[in-house]
$ cat entry_6.cif   # mmCIF, C-alpha atoms and all ligand atoms
data_target
loop_
_atom_site.label_atom_id
_atom_site.label_comp_id
_atom_site.auth_asym_id
_atom_site.auth_seq_id
_atom_site.Cartn_x
_atom_site.Cartn_y
_atom_site.Cartn_z
CA MET A 1 0.00 0.00 0.00
CA SER A 2 1.31 3.43 -0.89
CA SER A 3 1.25 6.35 1.48
CA GLN A 4 2.25 8.84 -1.19
CA PRO A 5 -0.25 11.70 -1.14
CA ASN A 6 -1.07 11.48 -4.84
CA ALA A 7 -1.25 7.73 -5.24
CA GLN A 8 -3.57 6.84 -2.40
CA LYS A 9 -7.15 5.81 -1.97
CA LEU A 10 -9.58 8.59 -1.04
CA VAL A 11 -12.42 7.73 1.32
CA TYR A 12 -14.99 10.36 2.29
CA LEU A 13 -16.63 9.45 5.59
CA ASP A 14 -18.00 12.84 6.61
CA HIS A 15 -21.50 12.74 5.06
CA SER A 16 -23.08 14.17 8.21
CA ALA A 17 -21.13 17.37 7.55
CA THR A 18 -22.22 17.53 3.93
CA THR A 19 -22.72 15.36 0.85
CA PRO A 20 -21.83 15.82 -2.82
CA VAL A 21 -24.64 16.91 -5.16
CA ARG A 22 -25.79 13.86 -7.09
CA PRO A 23 -25.41 14.05 -10.89
CA GLU A 24 -29.20 13.62 -11.34
CA VAL A 25 -29.79 16.51 -8.94
CA LEU A 26 -27.28 18.76 -10.70
CA ALA A 27 -28.85 17.95 -14.08
CA ALA A 28 -32.30 18.86 -12.77
CA MET A 29 -31.00 22.19 -11.42
CA LEU A 30 -28.94 23.41 -14.37
CA PRO A 31 -31.78 24.73 -16.60
CA TYR A 32 -32.98 27.00 -13.78
CA PHE A 33 -29.81 29.10 -13.58
CA ALA A 34 -29.92 30.71 -17.00
CA GLY A 35 -32.61 29.46 -19.43
CA LYS A 36 -35.49 29.14 -16.98
CA PHE A 37 -34.49 32.07 -14.83
CA GLY A 38 -37.90 33.61 -14.14
CA ASN A 39 -39.10 35.04 -10.83
CA PRO A 40 -41.85 32.74 -9.52
CA SER A 41 -43.88 35.79 -8.43
CA SER A 42 -43.99 37.24 -11.95
CA VAL A 43 -47.19 37.06 -13.96
CA HIS A 44 -45.85 35.87 -17.31
CA ALA A 45 -44.51 32.70 -18.93
CA TRP A 46 -41.09 32.99 -17.29
CA GLY A 47 -42.67 33.36 -13.89
CA ASP A 48 -45.08 30.46 -14.49
CA GLU A 49 -42.22 28.17 -15.42
CA ALA A 50 -40.35 28.97 -12.18
CA ARG A 51 -43.55 28.72 -10.11
CA LYS A 52 -44.23 25.26 -11.53
CA ALA A 53 -40.69 24.17 -10.69
CA ILE A 54 -41.17 25.26 -7.08
CA ASP A 55 -44.56 23.52 -6.84
CA ASP A 56 -42.94 20.35 -8.17
CA GLY A 57 -40.10 20.64 -5.61
CA ARG A 58 -42.59 21.19 -2.80
CA GLU A 59 -44.50 18.10 -3.86
CA LYS A 60 -41.35 15.96 -3.77
CA VAL A 61 -40.09 17.30 -0.43
CA SER A 62 -43.49 16.85 1.24
CA SER A 63 -43.75 13.33 -0.13
CA LEU A 64 -40.51 12.29 1.64
CA ILE A 65 -42.07 13.08 5.04
CA GLY A 66 -45.71 12.22 4.42
CA ALA A 67 -46.87 15.85 4.52
CA SER A 68 -49.06 17.72 2.07
CA PRO A 69 -47.26 20.19 -0.24
CA ASP A 70 -48.81 23.29 1.33
CA GLU A 71 -47.25 22.28 4.66
CA VAL A 72 -43.66 22.78 3.42
CA ILE A 73 -41.90 26.16 3.66
CA PHE A 74 -38.58 26.56 1.83
CA THR A 75 -35.72 28.22 3.71
CA SER A 76 -31.99 28.77 3.22
CA GLY A 77 -31.22 25.52 5.06
CA GLY A 78 -31.62 23.54 8.24
CA THR A 79 -30.35 26.36 10.42
CA GLU A 80 -32.91 28.86 9.18
CA ALA A 81 -35.71 26.28 9.41
CA ASP A 82 -34.78 25.58 13.06
CA ASN A 83 -34.75 29.32 13.77
CA LEU A 84 -38.10 29.89 12.05
CA ALA A 85 -39.73 27.02 13.93
CA ILE A 86 -38.43 27.94 17.38
CA ARG A 87 -38.48 31.73 17.26
CA GLY A 88 -41.63 31.59 15.15
CA VAL A 89 -43.56 29.69 17.86
CA ALA A 90 -41.98 31.54 20.79
CA HIS A 91 -42.87 34.94 19.33
CA ALA A 92 -46.34 33.95 18.11
CA ARG A 93 -47.36 32.33 21.40
CA LYS A 94 -45.73 34.32 24.14
CA ALA A 95 -49.10 35.50 25.36
CA TYR A 96 -49.85 31.86 26.30
CA GLY A 97 -46.67 31.19 28.29
CA ASN A 98 -42.94 31.73 28.39
CA HIS A 99 -41.61 28.21 28.98
CA LEU A 100 -39.78 26.20 26.33
CA ILE A 101 -38.33 22.67 26.46
CA THR A 102 -35.42 21.26 24.47
CA SER A 103 -32.53 18.89 25.15
CA GLN A 104 -28.86 19.25 26.01
CA ILE A 105 -27.81 17.40 22.85
CA GLU A 106 -29.40 19.49 20.10
CA HIS A 107 -27.52 20.88 17.11
CA HIS A 108 -26.19 24.39 17.70
CA ALA A 109 -28.84 25.76 15.31
CA VAL A 110 -31.40 24.74 17.95
CA LEU A 111 -29.36 25.12 21.13
CA HIS A 112 -28.08 28.64 20.40
CA THR A 113 -31.56 29.73 19.31
CA PHE A 114 -32.99 28.70 22.68
CA GLU A 115 -30.10 30.47 24.43
CA ALA A 116 -30.96 33.63 22.50
CA LEU A 117 -34.60 33.29 23.59
CA GLN A 118 -33.46 32.96 27.21
CA LYS A 119 -31.89 36.41 26.83
CA GLU A 120 -35.29 37.67 25.61
CA GLY A 121 -36.84 36.46 28.88
CA PHE A 122 -38.09 32.97 28.00
CA ARG A 123 -37.47 30.19 30.51
CA VAL A 124 -35.88 27.14 28.89
CA THR A 125 -35.54 23.60 30.27
CA PHE A 126 -32.68 21.62 28.70
CA VAL A 127 -33.50 17.96 29.41
CA PRO A 128 -30.58 15.53 29.77
CA CYS A 129 -29.94 12.23 27.98
CA ASP A 130 -28.65 8.84 29.11
CA LYS A 131 -25.20 7.38 28.40
CA HIS A 132 -26.36 6.32 24.92
CA GLY A 133 -27.58 9.79 24.04
CA LEU A 134 -31.21 8.72 24.43
CA ILE A 135 -33.79 11.16 25.77
CA ASP A 136 -36.39 9.83 28.19
CA PRO A 137 -39.95 10.90 27.23
CA ASP A 138 -40.80 10.92 30.96
CA ASP A 139 -38.23 13.69 31.48
CA ILE A 140 -40.14 15.73 28.91
CA ARG A 141 -43.48 14.95 30.57
CA ARG A 142 -42.13 16.06 33.96
CA ALA A 143 -40.70 19.29 32.52
CA ILE A 144 -44.06 20.47 31.10
CA THR A 145 -45.78 23.26 33.05
CA LYS A 146 -48.90 25.28 32.32
CA ASP A 147 -46.58 27.90 30.77
CA THR A 148 -44.96 25.51 28.27
CA ILE A 149 -45.57 26.55 24.65
CA LEU A 150 -42.96 24.56 22.68
CA ILE A 151 -40.91 21.36 22.84
CA SER A 152 -38.05 20.82 20.39
CA ILE A 153 -36.21 17.48 20.30
CA MET A 154 -34.10 16.28 17.40
CA HIS A 155 -34.89 13.05 15.54
CA GLY A 156 -31.46 11.62 14.65
CA GLN A 157 -28.52 12.93 16.67
CA ASN A 158 -25.89 14.31 14.29
CA GLU A 159 -22.77 13.42 16.30
CA VAL A 160 -23.52 10.05 17.88
CA GLY A 161 -26.38 8.81 15.68
CA THR A 162 -28.94 8.04 18.38
CA ILE A 163 -32.54 8.01 17.13
CA GLU A 164 -34.82 9.68 19.67
CA PRO A 165 -38.36 8.48 20.57
CA ILE A 166 -40.02 11.33 18.68
CA GLY A 167 -43.42 9.69 18.20
CA GLU A 168 -43.76 9.14 21.94
CA ILE A 169 -42.60 12.64 22.84
CA GLY A 170 -45.00 14.04 20.24
CA GLU A 171 -47.88 12.21 21.88
CA ILE A 172 -46.97 13.70 25.25
CA ALA A 173 -46.73 17.18 23.73
CA ARG A 174 -50.11 16.83 22.02
CA SER A 175 -51.87 15.52 25.11
CA HIS A 176 -50.67 18.65 26.97
CA GLY A 177 -51.55 21.02 24.12
CA VAL A 178 -47.90 21.96 23.56
CA LEU A 179 -46.43 22.44 20.07
CA PHE A 180 -43.68 20.03 19.06
CA HIS A 181 -40.74 20.64 16.71
CA SER A 182 -38.11 18.13 15.61
CA ASP A 183 -34.86 18.65 13.69
CA ALA A 184 -34.81 15.74 11.25
CA VAL A 185 -31.87 16.94 9.15
CA GLN A 186 -29.83 13.79 9.83
CA SER A 187 -32.64 11.23 9.75
CA ALA A 188 -34.49 12.39 6.62
CA GLY A 189 -33.78 10.09 3.71
CA LYS A 190 -32.03 7.63 6.05
CA VAL A 191 -34.98 6.30 8.05
CA PRO A 192 -38.65 6.44 7.01
CA ILE A 193 -40.33 9.62 8.27
CA SER A 194 -44.02 10.34 8.51
CA VAL A 195 -45.01 13.58 10.21
CA GLY A 196 -48.27 11.85 11.17
CA ASP A 197 -46.59 8.96 12.98
CA LEU A 198 -44.04 11.25 14.61
CA ASN A 199 -46.79 13.52 16.01
CA VAL A 200 -44.78 16.62 15.10
CA ASP A 201 -46.15 20.08 14.36
CA LEU A 202 -42.89 21.33 12.87
CA LEU A 203 -40.02 19.40 11.26
CA THR A 204 -36.69 20.66 9.90
CA LEU A 205 -35.00 19.38 6.73
CA SER A 206 -31.80 20.33 4.92
CA SER A 207 -30.90 19.61 1.30
CA HIS A 208 -27.10 19.31 1.45
CA LYS A 209 -27.14 16.39 3.89
CA ILE A 210 -29.07 14.27 1.35
CA TYR A 211 -27.13 14.89 -1.90
CA GLY A 212 -28.87 18.17 -2.75
CA PRO A 213 -27.27 21.62 -3.00
CA LYS A 214 -26.19 23.74 -0.03
CA GLY A 215 -28.18 26.80 0.99
CA VAL A 216 -31.67 25.32 0.82
CA GLY A 217 -33.82 23.53 3.35
CA GLY A 218 -37.39 23.15 4.43
CA LEU A 219 -39.68 23.45 7.40
CA PHE A 220 -42.81 21.33 7.72
CA VAL A 221 -45.49 23.50 9.34
CA ARG A 222 -48.66 21.63 10.22
CA LYS A 223 -51.75 23.04 8.50
CA GLY A 224 -53.37 25.85 10.45
CA LEU A 225 -50.35 26.51 12.66
CA ARG A 226 -49.41 30.19 12.93
CA LEU A 227 -45.78 31.29 13.26
CA ALA A 228 -44.23 34.73 13.62
CA PRO A 229 -42.16 35.30 10.42
CA GLN A 230 -38.50 36.03 11.10
CA ALA A 231 -37.86 38.04 7.94
CA THR A 232 -40.29 40.66 6.68
CA GLY A 233 -40.84 41.49 3.03
CA GLY A 234 -43.01 40.00 0.31
CA ALA A 235 -45.74 37.41 0.75
CA HIS A 236 -43.56 34.45 -0.30
CA GLU A 237 -43.84 30.99 1.29
CA ASN A 238 -47.25 31.45 2.84
CA ARG A 239 -46.07 34.79 4.34
CA LEU A 240 -43.64 32.90 6.59
CA ARG A 241 -40.40 33.48 4.73
CA ALA A 242 -40.05 36.60 2.62
CA GLY A 243 -37.60 36.71 -0.26
CA THR A 244 -37.44 35.53 -3.86
CA GLU A 245 -37.22 31.76 -3.83
CA ASN A 246 -33.97 29.89 -4.57
CA VAL A 247 -35.47 28.21 -7.63
CA PRO A 248 -32.51 26.04 -8.74
CA GLY A 249 -31.87 25.09 -5.11
CA ILE A 250 -35.48 24.09 -4.54
CA VAL A 251 -35.50 22.05 -7.77
CA GLY A 252 -32.34 20.25 -6.60
CA PHE A 253 -33.66 19.72 -3.08
CA GLY A 254 -36.87 18.25 -4.53
CA GLU A 255 -34.99 15.86 -6.79
CA ALA A 256 -32.73 14.83 -3.89
CA CYS A 257 -35.81 14.04 -1.78
CA ARG A 258 -37.42 12.06 -4.60
CA LEU A 259 -34.30 9.92 -5.05
CA ALA A 260 -33.81 9.48 -1.30
CA LYS A 261 -37.37 8.23 -0.93
CA ALA A 262 -37.12 5.83 -3.87
CA GLU A 263 -33.80 4.37 -2.68
CA LEU A 264 -34.30 4.49 1.09
CA PRO A 265 -35.21 0.85 1.83
CA GLU A 266 -32.24 -0.60 -0.08
CA GLU A 267 -29.73 2.14 0.71
CA SER A 268 -30.40 2.18 4.44
CA LYS A 269 -29.95 -1.60 4.56
CA ARG A 270 -26.65 -1.27 2.70
CA LEU A 271 -25.43 1.51 5.01
CA ILE A 272 -26.37 -0.44 8.12
CA GLU A 273 -24.23 -3.36 6.89
CA LEU A 274 -21.24 -1.09 6.27
CA ARG A 275 -21.80 0.72 9.57
CA ASP A 276 -21.88 -2.51 11.57
CA LYS A 277 -18.81 -3.84 9.78
CA LEU A 278 -16.91 -0.67 10.71
CA ILE A 279 -18.08 -0.74 14.33
CA ALA A 280 -17.24 -4.44 14.77
CA GLY A 281 -13.84 -3.91 13.17
CA PHE A 282 -12.94 -0.97 15.43
CA LEU A 283 -13.99 -2.85 18.57
CA ARG A 284 -11.98 -5.89 17.44
CA GLU A 285 -8.83 -4.17 16.17
CA ILE A 286 -8.31 -1.26 18.56
CA PRO A 287 -7.76 -1.74 22.31
CA ASP A 288 -9.52 0.66 24.72
CA VAL A 289 -12.11 1.90 22.26
CA ASP A 290 -15.81 2.53 22.97
CA LEU A 291 -18.79 2.98 20.69
CA ASN A 292 -20.64 6.23 21.39
CA GLY A 293 -24.37 6.52 20.82
CA HIS A 294 -27.08 3.90 21.00
CA PRO A 295 -26.09 0.37 19.90
CA ILE A 296 -29.46 -0.30 18.21
CA LEU A 297 -31.52 2.90 17.96
CA ARG A 298 -28.97 4.35 15.58
CA LEU A 299 -28.85 6.21 12.26
CA PRO A 300 -27.76 3.86 9.43
CA HIS A 301 -24.81 6.07 8.45
CA ASN A 302 -23.28 6.96 11.84
CA VAL A 303 -20.26 5.49 13.60
CA ASN A 304 -18.82 7.35 16.59
CA ILE A 305 -16.02 5.98 18.76
CA SER A 306 -13.87 7.18 21.63
CA VAL A 307 -10.25 6.12 21.43
CA LYS A 308 -8.89 6.38 24.97
CA TYR A 309 -5.68 8.28 25.73
CA LEU A 310 -5.65 10.10 22.38
CA GLU A 311 -6.78 13.40 20.85
CA GLY A 312 -9.33 13.20 18.04
CA GLU A 313 -7.54 15.96 16.13
CA ALA A 314 -4.27 14.00 15.96
CA MET A 315 -6.08 10.95 14.60
CA LEU A 316 -7.98 13.11 12.08
CA LEU A 317 -4.75 14.59 10.72
CA ASN A 318 -3.23 11.15 10.34
CA LEU A 319 -6.36 9.82 8.66
CA ASP A 320 -6.42 12.82 6.33
CA ARG A 321 -2.82 12.12 5.34
CA MET A 322 -3.99 8.65 4.31
CA GLY A 323 -6.89 10.02 2.29
CA VAL A 324 -9.67 9.40 4.82
CA ALA A 325 -12.07 12.22 5.77
CA ALA A 326 -13.81 11.92 9.15
CA SER A 327 -14.59 14.37 11.93
CA SER A 328 -14.22 14.70 15.65
CA GLY A 329 -17.51 15.53 17.32
CA SER A 330 -19.51 17.84 15.06
CA ALA A 331 -18.05 19.95 12.29
CA CYS A 332 -19.03 23.06 14.20
CA THR A 333 -17.01 22.09 17.27
CA SER A 334 -14.00 20.89 15.28
CA GLY A 335 -11.24 23.44 15.48
CA SER A 336 -12.36 24.71 18.85
CA LEU A 337 -10.91 23.32 22.06
CA GLU A 338 -14.26 22.77 23.75
CA PRO A 339 -15.17 19.08 23.73
CA SER A 340 -18.52 18.18 22.20
CA HIS A 341 -21.49 19.22 24.35
CA VAL A 342 -23.22 16.03 23.22
CA LEU A 343 -20.51 13.66 24.47
CA LEU A 344 -20.29 15.60 27.76
CA ALA A 345 -24.08 15.35 28.21
CA MET A 346 -23.74 11.58 27.73
CA GLY A 347 -21.38 11.52 30.70
CA LEU A 348 -18.03 11.15 28.94
CA SER A 349 -15.04 12.76 30.63
CA HIS A 350 -13.38 15.69 28.87
CA GLU A 351 -10.41 13.45 27.99
CA THR A 352 -12.56 10.70 26.48
CA ALA A 353 -14.70 13.23 24.62
CA HIS A 354 -11.55 14.75 23.11
CA GLY A 355 -10.59 11.33 21.77
CA SER A 356 -13.77 10.80 19.79
CA LEU A 357 -14.11 10.31 16.04
CA ARG A 358 -17.21 10.37 13.85
CA PHE A 359 -17.35 8.45 10.58
CA SER A 360 -20.52 9.17 8.61
CA LEU A 361 -21.20 6.94 5.64
CA GLY A 362 -22.86 7.70 2.34
CA SER A 363 -23.75 6.55 -1.14
CA SER A 364 -20.19 6.40 -2.50
CA ASN A 365 -18.84 4.18 0.27
CA THR A 366 -18.12 0.51 -0.37
CA ALA A 367 -17.00 -2.47 1.71
CA GLU A 368 -13.47 -1.82 0.40
CA ASP A 369 -13.56 1.66 1.96
CA ILE A 370 -14.41 0.10 5.31
CA ASP A 371 -11.58 -2.45 4.93
CA TYR A 372 -9.18 0.38 4.14
CA VAL A 373 -10.12 2.37 7.26
CA LEU A 374 -9.85 -0.77 9.37
CA GLU A 375 -6.41 -1.35 7.90
CA ILE A 376 -5.04 2.14 8.58
CA LEU A 377 -6.64 3.37 11.85
CA PRO A 378 -5.31 0.66 14.22
CA PRO A 379 -1.63 1.37 13.32
CA ILE A 380 -2.30 5.15 13.56
CA VAL A 381 -3.70 4.63 17.07
CA LYS A 382 -0.77 2.41 18.02
CA LYS A 383 1.78 4.95 16.76
CA LEU A 384 0.10 7.92 18.47
CA ARG A 385 -0.31 6.06 21.73
CA SER A 386 3.36 5.11 21.74
CA MET A 387 4.15 8.85 21.45
CA SER A 388 1.53 9.95 23.99
CA ALA A 389 2.26 10.93 27.55
CA PHE A 390 -1.30 10.09 28.53
CA GLY A 391 -1.21 6.30 28.27
CA PRO A 392 -3.11 3.88 30.52
CA GLY A 393 -0.34 4.16 33.13
CA SER A 394 -0.42 7.96 33.41
CA SER A 395 -2.33 9.81 36.08
CA PHE A 396 -4.16 12.01 33.54
C1 LIG A 401 -26.37 20.18 9.32
C2 LIG A 401 -27.40 20.25 10.37
C3 LIG A 401 -28.16 21.42 10.56
C4 LIG A 401 -27.91 22.67 9.77
O1 LIG A 401 -28.34 22.58 8.45
P1 LIG A 401 -27.77 23.63 7.39
O2 LIG A 401 -28.58 23.35 6.15
O3 LIG A 401 -26.31 23.33 7.22
O4 LIG A 401 -28.01 25.00 7.92
C5 LIG A 401 -29.13 21.42 11.53
N1 LIG A 401 -29.37 20.33 12.28
C6 LIG A 401 -28.67 19.19 12.13
C7 LIG A 401 -28.98 18.01 12.99
C8 LIG A 401 -27.65 19.12 11.18
O5 LIG A 401 -26.95 17.99 11.05
#
$ encode --input "entry_6.cif" --output "structure tokens"
Amino acid sequence: MSSQPNAQKLVYLDHSATTPVRPEVLAAMLPYFAGKFGNPSSVHAWGDEARKAIDDGREKVSSLIGASPDEVIFTSGGTEADNLAIRGVAHARKAYGNHLITSQIEHHAVLHTFEALQKEGFRVTFVPCDKHGLIDPDDIRRAITKDTILISIMHGQNEVGTIEPIGEIGEIARSHGVLFHSDAVQSAGKVPISVGDLNVDLLTLSSHKIYGPKGVGGLFVRKGLRLAPQATGGAHENRLRAGTENVPGIVGFGEACRLAKAELPEESKRLIELRDKLIAGFLREIPDVDLNGHPILRLPHNVNISVKYLEGEAMLLNLDRMGVAASSGSACTSGSLEPSHVLLAMGLSHETAHGSLRFSLGSSNTAEDIDYVLEILPPIVKKLRSMSAFGPGSSF
């Protein structure tokens, strides 16, 4: 095997950070940049053409989650959809109460939005999780007060892959008359989603995590639900999101959803096989390694491990040198010295959290990719540990 930078295998295992745009998606988008460039609000042929493209995209996105097309609002991505859902409910309903519930393991798009609302005077309960990253619906039930107006709990955890009991939490929310939002950016297209079964009122999606373009996402808003818009302007998107629509982006997002839905049963089975092969291999080949996240209730494409006595960053650099792309914690926390808030909430020590790696699989990955990673990571760990001052015998 060659370790020369230009002659080596390249293995992308960071699909939870972003995915490539599929060729079919790119082909669907291309006409809408120049030829079919109309403004969907215009009353002429060019406008009609763009309007139809958006309607078609909305149909495809809604179909992935079992919603009706008029329940999908297009945004600039998952982050904006999370903001619109959370701020939109908080601001529209503050006359009914000022208490909000979320978890300690949400994506920063959710967590930082709740922190901002705390500064506005809302009271926020951040429920904990267990050692597998699982949230207990009873903790949610106990946190509800007569002032609670919104619960937001993510569906598939982006760092450790745990799938949360959203349907059950949604039932609790509904029985107390509290609105329920879920960030499903990581689970959409990977596990079947039906907004009916999940009992959600609001659900966040993002295009670039499912082989669509960056800069476009969607928010499911249950029919009849009123939100406070977060940008003012024209009457676009059911008056919830002003601004001329990203037509090529929406076309691409729609096509990505259509393909994800068509391929989901087979592709998720394939990913689960690769995932379990990688997990079993790590546990077999590397001493003092733990799987993070739930062993069974787990996203098909997520592998997260803690390699004791090592820094994730050092392993990442060595993997990168060998052509393998992974991440430590979430992409947003990489590069900062703070260990992942998710791993800390699960009870990991700072040291163990720092030694964590996430491998997120996707459509291009093969069994050979997994073999390659299993061939190169154990010697990297061995080499780094032999150089490390923080071995099993140290008092660190
Ligand atoms: C990536 C991600 C987001 C943010 O989506 P963007 O489209 O990048 O803004 C939100 N939530 C989760 C769980 C994510 O993984």
$ closest_residue --input "entry_6.cif" --among "A:Val25, A:Leu219, A:Ala143, A:Val307" --to "ligand LIG 401 (chain A)" --atoms "all atoms listed in the file"
A:Leu219
$ atom_distance --input "entry_6.cif" --atom1 "CA of Pro20 (chain A)" --atom2 "CA of Phe359 (chain A)"
15.9 Å
$ residues_near_ligand --input "entry_6.cif" --ligand "ligand LIG 401 (chain A)" --cutoff "10 Å" --atoms "all atoms listed in the file" --output "PyMOL selection string"
chain A and resi 15-18+75-83+105-110+154-159+161+182-187+204-209+213-218+330-332
$ atom_distance --input "entry_6.cif" --atom1 "CA of Gly66 (chain A)" --atom2 "CA of Gly47 (chain A)"
28.1 Å
$ closest_residue --input "entry_6.cif" --among "A:Ala92, A:Val160, A:Ala325, A:Leu299" --to "Leu240 (chain A)" --atoms "only C-alpha atoms"
A:Ala92
$ residues_near_point --input "entry_6.cif" --point "(-14.6, 5.4, 1.5)" --cutoff "12 Å" --atoms "only C-alpha atoms" --output "short mmCIF file (atom, residue, chain, number, x, y, z; two decimals) with C-alpha atoms, keeping the file's coordinate frame"
data_model
loop_
_atom_site.label_atom_id
_atom_site.label_comp_id
_atom_site.auth_asym_id
_atom_site.auth_seq_id
_atom_site.Cartn_x
_atom_site.Cartn_y
_atom_site.Cartn_z
CA GLN A 8 -3.57 6.84 -2.40
CA LYS A 9 -7.15 5.81 -1.97
CA LEU A 10 -9.58 8.59 -1.04
CA VAL A 11 -12.42 7.73 1.32
CA TYR A 12 -14.99 10.36 2.29
CA LEU A 13 -16.63 9.45 5.59
CA ASP A 14 -18.00 12.84 6.61
CA HIS A 15 -21.50 12.74 5.06
CA LEU A 274 -21.24 -1.09 6.27
CA ARG A 275 -21.80 0.72 9.57
CA LEU A 278 -16.91 -0.67 10.71
CA LEU A 319 -6.36 9.82 8.66
CA MET A 322 -3.99 8.65 4.31
CA GLY A 323 -6.89 10.02 2.29
CA VAL A 324 -9.67 9.40 4.82
CA ALA A 325 -12.07 12.22 5.77
CA ALA A 326 -13.81 11.92 9.15
CA PHE A 359 -17.35 8.45 10.58
CA SER A 360 -20.52 9.17 8.61
CA LEU A 361 -21.20 6.94 5.64
CA GLY A 362 -22.86 7.70 2.34
CA SER A 363 -23.75 6.55 -1.14
CA SER A 364 -20.19 6.40 -2.50
CA ASN A 365 -18.84 4.18 0.27
CA THR A 366 -18.12 0.51 -0.37
CA ALA A 367 -17.00 -2.47 1.71
CA GLU A 368 -13.47 -1.82 0.40
CA ASP A 369 -13.56 1.66 1.96
CA ILE A 370 -14.41 0.10 5.31
CA ASP A 371 -11.58 -2.45 4.93
CA TYR A 372 -9.18 0.38 4.14
CA VAL A 373 -10.12 2.37 7.26
CA LEU A 374 -9.85 -0.77 9.37
#
$ closest_residue --input "entry_6.cif" --among "A:Ala28, A:Ile163, A:Leu100, A:Leu310" --to "Met387 (chain A)" --atoms "only C-alpha atoms"
A:Leu310
$ atom_distance --input "entry_6.cif" --atom1 "CA of Asp290 (chain A)" --atom2 "CA of Arg358 (chain A)"
12.1 Å
$ residues_near_point --input "entry_6.cif" --point "(-31.3, -0.1, 1.1)" --cutoff "12 Å" --atoms "all atoms listed in the file" --output "PDB file with C-alpha atoms, in the frame of the given file"
ATOM      1  CA  GLY A 189     -33.780  10.090   3.710  1.00  0.00           C
ATOM      2  CA  LYS A 190     -32.030   7.630   6.050  1.00  0.00           C
ATOM      3  CA  VAL A 191     -34.980   6.300   8.050  1.00  0.00           C
ATOM      4  CA  PRO A 192     -38.650   6.440   7.010  1.00  0.00           C
ATOM      5  CA  ALA A 260     -33.810   9.480  -1.300  1.00  0.00           C
ATOM      6  CA  LYS A 261     -37.370   8.230  -0.930  1.00  0.00           C
ATOM      7  CA  ALA A 262     -37.120   5.830  -3.870  1.00  0.00           C
ATOM      8  CA  GLU A 263     -33.800   4.370  -2.680  1.00  0.00           C
ATOM      9  CA  LEU A 264     -34.300   4.490   1.090  1.00  0.00           C
ATOM     10  CA  PRO A 265     -35.210   0.850   1.830  1.00  0.00           C
ATOM     11  CA  GLU A 266     -32.240  -0.600  -0.080  1.00  0.00           C
ATOM     12  CA  GLU A 267     -29.730   2.140   0.710  1.00  0.00           C
ATOM     13  CA  SER A 268     -30.400   2.180   4.440  1.00  0.00           C
ATOM     14  CA  LYS A 269     -29.950  -1.600   4.560  1.00  0.00           C
ATOM     15  CA  ARG A 270     -26.650  -1.270   2.700  1.00  0.00           C
ATOM     16  CA  LEU A 271     -25.430   1.510   5.010  1.00  0.00           C
ATOM     17  CA  ILE A 272     -26.370  -0.440   8.120  1.00  0.00           C
ATOM     18  CA  GLU A 273     -24.230  -3.360   6.890  1.00  0.00           C
ATOM     19  CA  LEU A 274     -21.240  -1.090   6.270  1.00  0.00           C
ATOM     20  CA  PRO A 300     -27.760   3.860   9.430  1.00  0.00           C
ATOM     21  CA  HIS A 301     -24.810   6.070   8.450  1.00  0.00           C
ATOM     22  CA  GLY A 362     -22.860   7.700   2.340  1.00  0.00           C
ATOM     23  CA  SER A 363     -23.750   6.550  -1.140  1.00  0.00           C
TER      24      SER A 363
END
$ closest_residue --input "entry_6.cif" --among "A:Ile54, A:Cys129, A:Ala95, A:Leu198" --to "Pro69 (chain A)" --atoms "all atoms listed in the file"
A:Ile54
$ closest_residue --input "entry_6.cif" --among "A:Leu377, A:Ala228, A:Ile86, A:Leu344" --to "Pro287 (chain A)" --atoms "only C-alpha atoms"
A:Leu377
$ axis_aligned_box --input "entry_6.cif" --around "region 260-271 of chain A" --padding-each-side "5 Å" --output "JSON"
{"center_x": -31.4, "center_y": 3.9, "center_z": 0.6, "size_x": 21.9, "size_y": 21.1, "size_z": 18.9}
$ residues_around --input "entry_6.cif" --residues "Ser306 (chain A)" --least-positions-apart "3" --cutoff "9 Å" --atoms "all atoms listed in the file" --output "list in words"
Asp288, Val289, Asp290, Leu291, Asn292, Leu310, Gly312, Thr352, Ala353, His354, Gly355, Ser356 and Leu357 of chain A
$ residues_around --input "entry_6.cif" --residues "Phe180 (chain A)" --least-positions-apart "5" --cutoff "6 Å" --atoms "only C-alpha atoms" --output "JSON, numbers by chain"
{"A": [150, 151, 152, 200, 201]}
$ write_last_selection --input "entry_6.cif" --atoms "C-alpha atoms" --output "short mmCIF file (atom, residue, chain, number, x, y, z; two decimals), keeping the file's coordinate frame"
data_model
loop_
_atom_site.label_atom_id
_atom_site.label_comp_id
_atom_site.auth_asym_id
_atom_site.auth_seq_id
_atom_site.Cartn_x
_atom_site.Cartn_y
_atom_site.Cartn_z
CA LEU A 150 -42.96 24.56 22.68
CA ILE A 151 -40.91 21.36 22.84
CA SER A 152 -38.05 20.82 20.39
CA VAL A 200 -44.78 16.62 15.10
CA ASP A 201 -46.15 20.08 14.36
#
$ closest_residue --input "entry_6.cif" --among "A:Gly347, A:Gly196, A:Gly177, A:Gly281" --to "Pro378 (chain A)" --atoms "all atoms listed in the file"
A:Gly281
